[in-house]
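Undergrad: Below you will find the structure I want to go over with you.
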Amino acid sequence: MRTVIHLLSRDETEQQTALAISRNLLNDETDSIDDVAVVVQAGGIDAVVTGADTEDRVRSLLNDGVPFKACSNTLESNDLDESDLVDGVETVPEGAVEVTRLQTEGYAYIRP
Amino acid sequence: MRTVIHLLSRDETEQQTALAISRNLLNDETDSIDDVAVVVQAGGIDAVVTGADTEDRVRSLLNDGVPFKACSNTLESNDLDESDLVDGVETVPEGAVEVTRLQTEGYAYIRP
Amino acid sequence: MRTVIHLLSRDETEQQTALAISRNLLNDETDSIDDVAVVVQAGGIDAVVTGADTEDRVRSLLNDGVPFKACSNTLESNDLDESDLVDGVETVPEGAVEVTRLQTEGYAYIRP
């Protein structure tokens, strides 16, 4: 099974929940989760900017093979570019299109 | 691909994000999104009432072929009726049933 | 059709919306909803603890056949155990895995 986490809230608790859930999916003892991906847009972008309180958790998930896909439209409207993001975070043209694509490919959707 | 946006938050930032994402799905350069629908219920109803700050954005999406489906149960519990809504917003008996139906038909789900 | 409600917000309005939507799905006049399940984790756990303001609504849904599945990881990190929950609430090892499993089995997803 595969899961996409949609990280688009500016709420810090919801951001922390998104990262905790990603970690719990990876650690699942039943080993039933094959892939976890995180799509980041809107207020969620704060969680993957270099220097964020969440940086260590993001790095740790990236190291363990969880892709983070940040929305380029969000970067543009926040005057950010890829160099502002934690190393290893990818960009996609539009987060919502990516989330749609992943669900169409069979990923379950979770919005923390 | 098709996407349903679930607009059910009373949070204005989340409402704005829902409308921005709907627009971005329409404008997708890869042209991979065939349909976008917005289901409105609970606190989200404020965003589609005549006179709301979001009225122009809702009108613009309606003009571009995005259906807005407002939950009749929500209207009733807020003492609203269809005449209070931005022209062109439809109603459905229950928003959650509509969201379920659309997902069953293959729509991806996004909850901003 | 089947629907899973993901109750993971600490926001009381969102918790109330989750319970109201579960009830509305049960009451659907078109009788098109065969199953409703509620997966509870993160801040949502407050809504299913004995003594919560929402206890009566949770009990009523349980009585009408809606399973509530609380995340054991959430219980552990909140120093709670199953005996703290409203009678009849089940536990699952990890809520996000359960939500993924249900979607994979064809449940639509709603995050109030």
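Every chain in the structure tokens takes a letter, A first, then B, and so on in the order presented; its residues are numbered from 1, and the ligands are numbered from 1 following the presented order.
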Counting only C-alpha atoms, which residues from chain A have an atom at most 7 Å from any atom of chain B, and could you show them as a list in words?
TA: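 Output check: Leu8, Ala42, Ala96, Val97, Thr100, Gln103, Thr104 and Arg111 of chain A.
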Undergrad: DSSP on the backbone, then: every residue of chain A marked strand (DSSP E), written as a ChimeraX atom specification.
TA: /A:2-7,35-40,68-71,90-92,108-110
Undergrad: Compile the contact shell of Glu94 of chain C as a list in words: residues with an atom at most 7 Å away, counting only C-alpha atoms, same-chain residues fewer than 4 positions apart removed.
TA: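 Within the cut-off, the hits are Cys71, Ser72, Asn73 and Glu98 of chain C.
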Undergrad: Please save all heavy atoms of the selected residues as a compact mmCIF listing (two decimals), in the first residue's frame.
TA:
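For reference, result05.txt as written:
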# COMPACT_ATOMS: atom_id res chain seq x y z
N CYS C 71 -6.02 5.25 17.44
CA CYS C 71 -4.61 4.93 17.16
C CYS C 71 -3.85 4.64 18.46
O CYS C 71 -3.76 5.50 19.34
CB CYS C 71 -3.99 6.13 16.44
SG CYS C 71 -2.24 5.99 16.12
N SER C 72 -3.26 3.47 18.56
CA SER C 72 -2.52 3.11 19.78
C SER C 72 -1.27 3.98 19.96
O SER C 72 -0.89 4.28 21.11
CB SER C 72 -2.10 1.64 19.72
OG SER C 72 -3.24 0.82 19.74
N ASN C 73 -0.64 4.39 18.88
CA ASN C 73 0.51 5.30 19.01
C ASN C 73 0.08 6.61 19.67
O ASN C 73 0.82 7.18 20.48
CB ASN C 73 1.14 5.59 17.64
CG ASN C 73 1.97 4.42 17.13
OD1 ASN C 73 2.59 3.71 17.91
ND2 ASN C 73 1.97 4.23 15.82
N GLU C 98 -4.38 2.29 9.17
CA GLU C 98 -5.78 1.88 9.05
C GLU C 98 -6.50 2.70 7.97
O GLU C 98 -7.25 2.15 7.16
CB GLU C 98 -6.48 2.05 10.41
CG GLU C 98 -7.91 1.57 10.44
CD GLU C 98 -8.06 0.05 10.31
OE1 GLU C 98 -7.04 -0.66 10.38
OE2 GLU C 98 -9.21 -0.42 10.12
Undergrad: For the reference chain B, what are the coordinates of chain A after least-squares fitting (all Cα, in-order pairing), as a short mmCIF file (atom, residue, chain, number, x, y, z; two decimals) with C-alpha atoms, in the first residue's frame?
TA:
data_model
loop_
_atom_site.label_atom_id
_atom_site.label_comp_id
_atom_site.auth_asym_id
_atom_site.auth_seq_id
_atom_site.Cartn_x
_atom_site.Cartn_y
_atom_site.Cartn_z
CA MET A 1 -7.76 13.11 -14.01
CA ARG A 2 -10.45 14.61 -11.84
CA THR A 3 -10.30 16.28 -8.42
CA VAL A 4 -12.84 17.18 -5.77
CA ILE A 5 -11.96 19.99 -3.38
CA HIS A 6 -13.67 19.71 0.00
CA LEU A 7 -14.30 23.21 1.31
CA LEU A 8 -15.54 22.71 4.85
CA SER A 9 -13.35 24.90 7.00
CA ARG A 10 -14.42 28.16 8.58
CA ASP A 11 -10.76 29.21 8.49
CA GLU A 12 -10.38 32.00 5.93
CA THR A 13 -6.85 31.03 4.97
CA GLU A 14 -7.99 27.47 4.29
CA GLN A 15 -10.90 28.81 2.26
CA GLN A 16 -8.55 30.97 0.20
CA THR A 17 -6.27 27.97 -0.31
CA ALA A 18 -9.21 25.89 -1.52
CA LEU A 19 -10.06 28.51 -4.15
CA ALA A 20 -6.43 29.05 -5.17
CA ILE A 21 -5.91 25.31 -5.59
CA SER A 22 -9.07 25.02 -7.69
CA ARG A 23 -7.73 27.77 -9.93
CA ASN A 24 -4.28 26.16 -10.17
CA LEU A 25 -5.82 22.82 -11.14
CA LEU A 26 -7.73 24.59 -13.95
CA ASN A 27 -4.59 26.36 -15.13
CA ASP A 28 -2.42 23.24 -15.04
CA GLU A 29 0.04 23.52 -17.90
CA THR A 30 0.29 19.78 -18.39
CA ASP A 31 -3.44 19.82 -19.08
CA SER A 32 -3.82 16.59 -17.12
CA ILE A 33 -6.83 17.70 -15.04
CA ASP A 34 -10.15 17.14 -16.80
CA ASP A 35 -12.57 18.12 -14.06
CA VAL A 36 -12.51 20.03 -10.80
CA ALA A 37 -15.52 20.16 -8.46
CA VAL A 38 -15.88 21.94 -5.13
CA VAL A 39 -18.13 20.49 -2.41
CA VAL A 40 -18.99 23.05 0.27
CA GLN A 41 -20.25 22.30 3.74
CA ALA A 42 -19.91 23.12 7.45
CA GLY A 43 -17.88 26.31 8.03
CA GLY A 44 -16.91 26.43 4.36
CA ILE A 45 -20.37 27.68 3.48
CA ASP A 46 -19.31 31.22 4.46
CA ALA A 47 -17.10 31.33 1.37
CA VAL A 48 -20.00 30.97 -1.08
CA VAL A 49 -22.57 33.29 0.50
CA THR A 50 -23.37 36.44 -1.49
CA GLY A 51 -21.24 39.33 -0.27
CA ALA A 52 -18.37 37.17 1.00
CA ASP A 53 -14.85 38.44 0.37
CA THR A 54 -14.39 35.33 -1.74
CA GLU A 55 -17.40 36.03 -3.98
CA ASP A 56 -15.37 37.23 -6.98
CA ARG A 57 -13.10 34.20 -6.93
CA VAL A 58 -16.08 31.86 -6.65
CA ARG A 59 -17.82 33.59 -9.56
CA SER A 60 -14.70 33.38 -11.67
CA LEU A 61 -14.36 29.62 -11.04
CA LEU A 62 -18.06 29.07 -11.77
CA ASN A 63 -17.65 30.98 -15.04
CA ASP A 64 -14.77 28.71 -15.95
CA GLY A 65 -16.88 25.59 -15.46
CA VAL A 66 -16.08 24.52 -11.91
CA PRO A 67 -19.28 23.37 -10.19
CA PHE A 68 -19.80 24.38 -6.55
CA LYS A 69 -22.08 22.00 -4.64
CA ALA A 70 -23.32 23.29 -1.29
CA CYS A 71 -24.66 20.93 1.37
CA SER A 72 -28.37 21.43 2.08
CA ASN A 73 -27.97 20.13 5.63
CA THR A 74 -25.45 22.90 6.24
CA LEU A 75 -27.76 25.52 4.76
CA GLU A 76 -30.58 24.37 7.00
CA SER A 77 -28.54 24.41 10.18
CA ASN A 78 -27.31 27.92 9.35
CA ASP A 79 -30.76 29.28 8.47
CA LEU A 80 -29.66 29.90 4.93
CA ASP A 81 -31.26 28.95 1.66
CA GLU A 82 -30.15 28.74 -1.94
CA SER A 83 -31.02 32.40 -2.55
CA ASP A 84 -28.31 33.43 -0.08
CA LEU A 85 -25.61 31.79 -2.18
CA VAL A 86 -23.57 33.23 -5.02
CA ASP A 87 -25.49 32.78 -8.25
CA GLY A 88 -24.68 29.47 -9.87
CA VAL A 89 -23.76 27.57 -6.71
CA GLU A 90 -25.79 24.34 -6.72
CA THR A 91 -27.07 22.42 -3.72
CA VAL A 92 -26.79 18.73 -2.89
CA PRO A 93 -28.69 16.96 -0.10
CA GLU A 94 -25.54 16.11 1.90
CA GLY A 95 -22.00 17.22 1.08
CA ALA A 96 -20.30 14.14 2.53
CA VAL A 97 -22.43 11.83 0.38
CA GLU A 98 -21.49 13.87 -2.69
CA VAL A 99 -17.78 13.72 -1.80
CA THR A 100 -18.10 9.95 -1.35
CA ARG A 101 -19.89 9.59 -4.67
CA LEU A 102 -17.28 11.61 -6.54
CA GLN A 103 -14.39 9.63 -5.06
CA THR A 104 -16.19 6.41 -5.94
CA GLU A 105 -16.38 7.71 -9.53
CA GLY A 106 -12.62 8.23 -9.56
CA TYR A 107 -12.15 11.80 -8.37
CA ALA A 108 -9.05 12.42 -6.24
CA TYR A 109 -9.80 14.17 -2.94
CA ILE A 110 -8.15 17.31 -1.62
CA ARG A 111 -8.97 18.91 1.70
CA PRO A 112 -7.21 22.30 1.91
#
Undergrad: Give the helix (DSSP H, G or I) residues of segment 38-89 of chain C, as assigned by DSSP on the backbone, as a compact mmCIF listing (two decimals) with C-alpha atoms, in the first residue's frame.
TA:
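Now in result.txt:
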# COMPACT_ATOMS: atom_id res chain seq x y z
CA ALA C 42 -3.53 12.87 17.11
CA GLY C 43 -5.62 15.70 18.62
CA GLY C 44 -8.83 13.94 17.65
CA ILE C 45 -8.36 11.50 20.51
CA ASP C 46 -9.86 14.07 22.91
CA ALA C 47 -13.26 13.51 21.29
CA VAL C 48 -13.44 9.83 22.28
CA GLU C 55 -19.26 11.37 24.48
CA ASP C 56 -23.01 11.12 23.86
CA ARG C 57 -22.64 11.61 20.12
CA VAL C 58 -19.87 9.02 19.98
CA ARG C 59 -21.97 6.52 21.95
CA SER C 60 -24.94 7.11 19.70
CA LEU C 61 -22.87 6.47 16.55
CA LEU C 62 -21.33 3.34 18.11
CA ASN C 63 -24.83 2.09 18.93
CA SER C 72 -2.52 3.11 19.78
CA ASN C 73 0.51 5.30 19.01
CA THR C 74 -1.59 8.33 19.91
CA LEU C 75 -2.79 6.71 23.13
CA GLU C 76 0.78 5.95 24.13
CA SER C 77 2.08 9.44 23.46
CA GLU C 82 -8.06 1.79 26.12
CA SER C 83 -9.82 2.08 29.50
CA ASP C 84 -9.81 5.86 29.15
